[in-house]
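This is final-v5.cif (mmCIF, C-alpha atoms).
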data_target
#
loop_
_atom_site.label_atom_id
_atom_site.label_comp_id
_atom_site.auth_asym_id
_atom_site.auth_seq_id
_atom_site.Cartn_x
_atom_site.Cartn_y
_atom_site.Cartn_z
CA PHE M 1279 17.06 3.82 -14.53
CA VAL M 1280 14.44 5.99 -16.22
CA GLN M 1281 16.40 8.15 -18.60
CA SER M 1282 14.08 11.15 -18.49
CA CYS M 1283 14.75 11.81 -14.79
CA LYS M 1284 17.15 14.69 -14.29
CA GLU M 1285 20.31 13.96 -12.30
CA ASN M 1286 20.38 17.47 -10.83
CA ILE M 1287 17.28 19.59 -10.80
CA ASP M 1288 17.52 22.92 -12.60
CA MET M 1289 15.95 25.37 -10.17
CA SER M 1290 14.84 27.51 -13.12
CA ASP M 1291 12.48 24.70 -14.05
CA ARG M 1292 10.47 25.15 -10.88
CA TYR M 1293 6.95 26.37 -11.42
CA THR M 1294 6.04 29.87 -10.38
CA TYR M 1295 2.39 29.72 -11.44
CA THR M 1296 -0.54 29.64 -9.05
CA GLU M 1297 -1.52 26.09 -10.05
CA GLU M 1298 -0.36 23.15 -7.94
CA SER M 1299 2.63 20.99 -8.76
CA VAL M 1300 2.57 17.39 -7.58
CA ALA M 1301 4.78 18.33 -4.63
CA SER M 1302 2.76 21.37 -3.55
CA TYR M 1303 -0.52 19.45 -3.72
CA LEU M 1304 0.82 16.68 -1.50
CA GLN M 1305 2.27 19.23 0.90
CA LYS M 1306 -1.09 20.99 1.25
CA HIS M 1307 -2.86 17.74 2.23
CA PRO M 1308 -0.81 16.55 5.23
CA ASP M 1309 -3.67 14.58 6.80
CA THR M 1310 -3.50 12.20 3.84
CA TYR M 1311 -0.03 12.45 2.31
CA SER M 1312 2.40 13.88 4.90
CA THR M 1313 4.40 10.64 5.16
CA PHE M 1314 4.69 10.20 1.41
CA TYR M 1315 5.64 13.87 0.98
CA TRP M 1316 8.36 13.42 3.60
CA LEU M 1317 9.64 10.26 1.90
CA LEU M 1318 10.01 12.16 -1.37
CA SER M 1319 12.51 14.43 0.38
CA GLN M 1320 14.48 11.47 1.74
CA VAL M 1321 15.07 9.63 -1.55
CA LYS M 1322 17.66 10.84 -4.06
CA ILE M 1323 16.86 10.68 -7.75
CA SER M 1324 19.93 8.50 -8.26
CA ASN M 1325 23.19 7.60 -6.57
CA ARG M 1326 24.89 10.24 -8.69
CA SER M 1327 22.51 13.06 -7.80
CA GLN M 1328 22.15 15.35 -4.81
CA SER M 1329 18.61 16.24 -5.86
CA ASP M 1330 15.75 14.43 -4.18
CA VAL M 1331 12.45 13.22 -5.64
CA GLN M 1332 10.51 15.94 -3.83
CA GLN M 1333 12.47 18.50 -5.85
CA LEU M 1334 11.75 16.51 -9.00
CA MET M 1335 8.02 16.75 -8.26
CA THR M 1336 8.25 20.55 -8.37
CA ALA M 1337 9.86 20.57 -11.81
CA ARG M 1338 8.29 20.55 -15.24
CA GLY M 1339 7.38 17.11 -16.49
CA ASN M 1340 4.69 14.51 -17.01
CA TYR M 1341 4.52 12.49 -13.80
CA THR M 1342 1.91 9.88 -12.92
CA VAL M 1343 1.98 9.56 -9.14
CA PHE M 1344 0.20 6.76 -7.28
CA ALA M 1345 0.35 8.45 -3.88
CA PRO M 1346 -0.09 6.10 -0.91
CA THR M 1347 -1.96 7.52 2.06
CA ASN M 1348 -0.44 7.82 5.51
CA GLU M 1349 -2.52 4.82 6.54
CA ALA M 1350 -1.31 2.78 3.56
CA ILE M 1351 2.33 3.42 4.44
CA GLN M 1352 1.73 2.57 8.09
CA ASN M 1353 0.06 -0.69 7.05
CA TYR M 1354 3.13 -1.48 4.97
CA LEU M 1355 5.40 -0.89 7.96
CA ASP M 1356 3.12 -3.11 10.05
CA THR M 1357 3.56 -5.88 7.47
CA LEU M 1358 7.35 -5.49 7.48
CA ALA M 1359 7.36 -5.75 11.27
CA GLN M 1360 5.19 -8.87 11.19
CA LYS M 1361 7.65 -10.46 8.76
CA GLY M 1362 10.58 -9.56 11.02
CA ILE M 1363 12.19 -7.29 8.44
CA ILE M 1364 12.05 -4.36 10.87
CA ASN M 1365 11.96 -4.40 14.65
CA THR M 1366 9.04 -2.03 15.17
CA ALA M 1367 6.44 -0.62 12.78
CA ASP M 1368 7.94 2.85 12.56
CA TRP M 1369 10.89 4.62 10.95
CA GLU M 1370 13.07 3.99 13.99
CA GLY M 1371 12.60 0.24 13.80
CA PHE M 1372 14.99 -0.49 10.95
CA PRO M 1373 18.05 -2.61 11.75
CA ASN M 1374 20.35 -0.28 9.81
CA GLN M 1375 20.33 2.73 7.49
CA THR M 1376 20.85 0.59 4.38
CA VAL M 1377 17.60 -1.30 4.91
CA LYS M 1378 15.80 1.93 5.74
CA ASP M 1379 17.04 3.65 2.58
CA SER M 1380 16.06 0.62 0.52
CA ILE M 1381 12.50 0.55 1.84
CA MET M 1382 12.09 4.29 1.34
CA LYS M 1383 13.27 3.94 -2.23
CA VAL M 1384 10.87 1.05 -2.85
CA ILE M 1385 7.89 3.12 -1.70
CA VAL M 1386 8.84 6.22 -3.69
CA PHE M 1387 10.24 4.79 -6.93
CA ASN M 1388 7.43 2.26 -7.36
CA SER M 1389 4.84 5.03 -7.00
CA ILE M 1390 5.95 7.28 -9.86
CA ILE M 1391 5.93 6.96 -13.64
CA ASP M 1392 7.99 9.64 -15.38
CA GLY M 1393 6.68 10.31 -18.86
CA GLY M 1394 9.57 12.59 -19.72
CA ASP M 1395 9.06 15.48 -22.09
CA GLU M 1396 7.16 13.60 -24.77
CA THR M 1397 4.64 11.30 -23.08
CA GLU M 1398 1.62 12.68 -21.24
CA ALA M 1399 0.98 11.58 -17.67
CA TYR M 1400 -1.69 8.92 -17.25
CA GLN M 1401 -5.19 9.78 -16.17
CA THR M 1402 -7.57 6.87 -15.62
CA SER M 1403 -9.18 7.34 -19.03
CA SER M 1404 -5.79 6.62 -20.64
CA PHE M 1405 -4.97 3.55 -18.50
CA PRO M 1406 -4.52 0.21 -20.30
CA GLU M 1407 -7.94 -1.20 -21.16
CA LYS M 1408 -7.44 -4.91 -20.51
CA ASN M 1409 -7.13 -6.61 -17.15
CA GLY M 1410 -3.52 -7.28 -16.32
CA GLU M 1411 -2.23 -5.06 -19.10
CA GLU M 1412 0.84 -3.00 -18.30
CA PHE M 1413 1.56 0.69 -18.74
CA THR M 1414 3.91 1.22 -21.66
CA ILE M 1415 6.33 3.24 -19.50
CA ALA M 1416 8.11 1.75 -16.51
CA ASN M 1417 8.08 3.39 -13.09
CA MET M 1418 11.15 4.99 -11.53
CA ASN M 1419 12.13 1.55 -10.23
CA ASP M 1420 12.29 0.38 -13.86
CA ARG M 1421 9.30 -1.93 -13.42
CA LYS M 1422 6.12 -1.81 -15.43
CA LEU M 1423 2.91 -1.55 -13.43
CA SER M 1424 -0.27 -3.35 -14.45
CA VAL M 1425 -3.93 -2.39 -14.17
CA THR M 1426 -6.79 -4.62 -13.03
CA TYR M 1427 -10.46 -3.70 -13.09
CA GLY M 1428 -12.89 -5.13 -10.55
CA ASN M 1429 -16.50 -6.13 -11.09
CA ASP M 1430 -17.42 -2.55 -10.22
CA PRO M 1431 -16.29 -0.43 -13.20
CA ASP M 1432 -14.99 2.20 -10.78
CA SER M 1433 -12.71 -0.32 -9.03
CA VAL M 1434 -9.23 0.12 -10.46
CA TYR M 1435 -6.21 -1.68 -8.98
CA ILE M 1436 -2.52 -1.20 -9.64
CA ASN M 1437 -0.59 -4.48 -9.70
CA GLY M 1438 -3.78 -6.31 -8.73
CA THR M 1439 -3.89 -5.19 -5.09
CA CYS M 1440 -3.45 -1.41 -4.79
CA LEU M 1441 -6.90 0.15 -5.03
CA ILE M 1442 -7.13 3.65 -6.48
CA ASP M 1443 -9.42 5.84 -4.40
CA LEU M 1444 -12.72 6.53 -6.16
CA ASN M 1445 -12.89 10.16 -5.06
CA ASN M 1446 -9.20 11.06 -5.26
CA ARG M 1447 -8.04 10.06 -8.70
CA ASP M 1448 -7.13 12.12 -11.75
CA ILE M 1449 -6.03 14.99 -9.52
CA ILE M 1450 -4.61 17.48 -11.98
CA ALA M 1451 -1.24 19.02 -11.28
CA ILE M 1452 0.66 21.25 -13.67
CA ASN M 1453 3.29 18.54 -14.00
CA GLY M 1454 1.12 15.42 -14.04
CA TYR M 1455 -1.69 13.50 -12.36
CA ILE M 1456 -2.03 12.19 -8.82
CA HIS M 1457 -3.99 9.04 -7.96
CA GLU M 1458 -4.48 8.21 -4.29
CA VAL M 1459 -3.88 4.52 -3.49
CA HIS M 1460 -4.72 2.57 -0.35
CA SER M 1461 -1.70 0.26 -0.46
CA VAL M 1462 2.00 0.71 -1.05
CA ILE M 1463 3.10 -0.50 -4.47
CA ALA M 1464 5.91 -2.86 -3.55
CA PRO M 1465 7.59 -5.95 -5.03
CA SER M 1466 5.80 -9.10 -4.02
CA ASN M 1467 7.45 -12.01 -2.26
CA GLU M 1468 4.73 -14.33 -3.50
CA SER M 1469 5.53 -17.03 -6.01
CA LEU M 1470 3.77 -17.33 -9.34
CA GLY M 1471 1.83 -20.27 -7.95
CA ASP M 1472 0.67 -18.21 -4.97
CA LEU M 1473 -0.48 -15.39 -7.20
CA LEU M 1474 -2.42 -17.64 -9.55
CA LYS M 1475 -4.01 -19.49 -6.65
CA ASN M 1476 -5.18 -16.17 -5.25
CA PHE M 1477 -7.06 -15.52 -8.47
CA LEU M 1478 -9.05 -18.70 -7.86
CA ASP M 1479 -9.55 -18.17 -4.14
CA GLU M 1480 -10.69 -14.57 -4.52
CA GLY M 1481 -12.54 -14.96 -7.82
CA THR M 1482 -10.54 -12.11 -9.34
CA GLU M 1483 -10.90 -11.63 -13.07
CA GLY M 1484 -7.86 -11.55 -15.30
CA TYR M 1485 -6.03 -14.88 -15.07
CA ASN M 1486 -8.64 -17.20 -13.58
CA VAL M 1487 -8.85 -19.35 -16.73
CA THR M 1488 -5.06 -19.81 -16.75
CA ALA M 1489 -5.14 -20.54 -13.03
CA ARG M 1490 -7.79 -23.25 -13.50
CA VAL M 1491 -5.76 -24.91 -16.24
CA ILE M 1492 -2.66 -24.94 -14.04
CA GLN M 1493 -4.73 -26.30 -11.15
CA ALA M 1494 -6.11 -29.07 -13.37
CA CYS M 1495 -2.58 -30.00 -14.39
CA GLY M 1496 -1.46 -30.12 -10.76
CA LEU M 1497 1.29 -27.55 -11.28
CA PHE M 1498 0.60 -25.21 -8.37
CA ALA M 1499 3.19 -26.94 -6.18
CA GLU M 1500 5.97 -26.56 -8.76
CA LEU M 1501 5.15 -22.91 -9.42
CA SER M 1502 5.17 -22.19 -5.68
CA GLN M 1503 8.78 -23.29 -5.20
#
Whole structure, structure tokens version:
Amino acid sequence: FVQSCKENIDMSDRYTYTEESVASYLQKHPDTYSTFYWLLSQVKISNRSQSDVQQLMTARGNYTVFAPTNEAIQNYLDTLAQKGIINTADWEGFPNQTVKDSIMKVIVFNSIIDGGDETEAYQTSSFPEKNGEEFTIANMNDRKLSVTYGNDPDSVYINGTCLIDLNNRDIIAINGYIHEVHSVIAPSNESLGDLLKNFLDEGTEGYNVTARVIQACGLFAELSQ
């Protein structure tokens, strides 16, 4: 788990200035982020803590937050329902509380990079420069996110599929930066073969040369197992 995350939030660390924290900004834009803001309050920082992530987002720090829109989260629930993971595409459709808690944690933890006290939060100008390159710091789910740039220089994707909104990126908060994304950042069930084949099918830059070599060697089938 990310070591810089506090187990119990010191209330004295809460901001009292007029500027927005990550949490207060999300709260003041319910048409876009109400579901994500609510999820932050439902997910504990760790199994040993009574503090939730929403409280963490009010505290001092350097947080990079890839905030999924309400629509993005609903689309994710729709996908889970189509796969039969949940019964209906809403928060009442989960088969049990354990699955529900797990999905909530996936959405929240994968969306936040905690830079701790020493490392500045990431704005787009400080993102990795090369396609497919990873951020040096892992997210709260202890996974490193990658950045992909489309043919349009303003098209920036997290993990190859989560588009950062052109008009709602680099939103400055006193404890980090917020970047609106149009998809939930979630672990993929696709195999390596599936991912590489998608690069060829969609013409996405980054690994298309590698994908062509693997295709020429006839290894897609093995990598898809």
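Note that atom CA of Gly1410 of chain M and atom CA of Val1491 of chain M are 17.8 Å apart.
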(request) Could you tell me how far atom CA of Phe1413 of chain M lies from atom CA of Asp1392 of chain M, in Å and to one decimal? (result) 11.5 Å
(request) Name the residues that the PyMOL selection byres ((chain M and resi 1367-1378) around 9) picks from the file above, as a PyMOL selection string, using the file's chain letters and numbers. (result) chain M and resi 1352-1360+1363-1366+1379-1383
Serialized selection, C-alpha atoms, as a tab-separated table (two decimals), in the frame of the given file:
chain	number	residue	atom	x	y	z
M	1352	GLN	CA	1.73	2.57	8.09
M	1353	ASN	CA	0.06	-0.69	7.05
M	1354	TYR	CA	3.13	-1.48	4.97
M	1355	LEU	CA	5.40	-0.89	7.96
M	1356	ASP	CA	3.12	-3.11	10.05
M	1357	THR	CA	3.56	-5.88	7.47
M	1358	LEU	CA	7.35	-5.49	7.48
M	1359	ALA	CA	7.36	-5.75	11.27
M	1360	GLN	CA	5.19	-8.87	11.19
M	1363	ILE	CA	12.19	-7.29	8.44
M	1364	ILE	CA	12.05	-4.36	10.87
M	1365	ASN	CA	11.96	-4.40	14.65
M	1366	THR	CA	9.04	-2.03	15.17
M	1379	ASP	CA	17.04	3.65	2.58
M	1380	SER	CA	16.06	0.62	0.52
M	1381	ILE	CA	12.50	0.55	1.84
M	1382	MET	CA	12.09	4.29	1.34
M	1383	LYS	CA	13.27	3.94	-2.23
(message) Evaluate the PyMOL selection byres ((chain M and resi 1435) around 10) against this structure - the residues, as a PyMOL selection string, please.
(response) chain M and resi 1409-1410+1424-1428+1432-1434+1436-1443+1459-1461
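For Ile1449 of chain M, the residues within 9 Å (counting only C-alpha atoms, excluding itself and residues fewer than 6 positions away along the chain) are M:Gln1401, M:Tyr1455, M:Ile1456, M:His1457, M:Glu1458.
Closest to Arg1421 of chain M among M:Ala1350, M:Ala1494, M:Ser1389, M:Ser1302 is M:Ser1389, based on all atoms listed in the file.
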(request) Determine, counting all atoms listed in the file, every residue of protein, DNA or RNA that lies within 12 Å of (5.6, 11.1, 5.6) in the file coordinates, then give the result as a PyMOL selection string. (result) chain M and resi 1304-1305+1307-1321+1332+1345-1352+1368-1369+1382+1385-1386
(message) Under the PyMOL selection byres ((chain M and resi 1404) around 12), which residues of this model are included? Write them out as a PyMOL selection string.
(response) chain M and resi 1342+1397-1403+1405-1408+1412-1414+1425+1448+1455
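Closest approach to Ala1337 of chain M among M:Met1418, M:Val1462, M:Ile1452, M:Val1487: M:Ile1452, based on all atoms listed in the file.
Atom to atom, atom CA of Asn1429 of chain M and atom CA of Gly1393 of chain M stand 29.5 Å apart.
If only C-alpha atoms are the atoms counted, then among M:Tyr1303, M:Asp1395, M:Gln1493, M:Thr1488 the closest residue to Arg1338 of chain M is M:Asp1395.
In this comparison, which uses all atoms listed in the file, the residue of M:Val1343, M:Asp1330, M:Glu1298, M:Ser1324 approaching Arg1447 of chain M most closely is M:Val1343.
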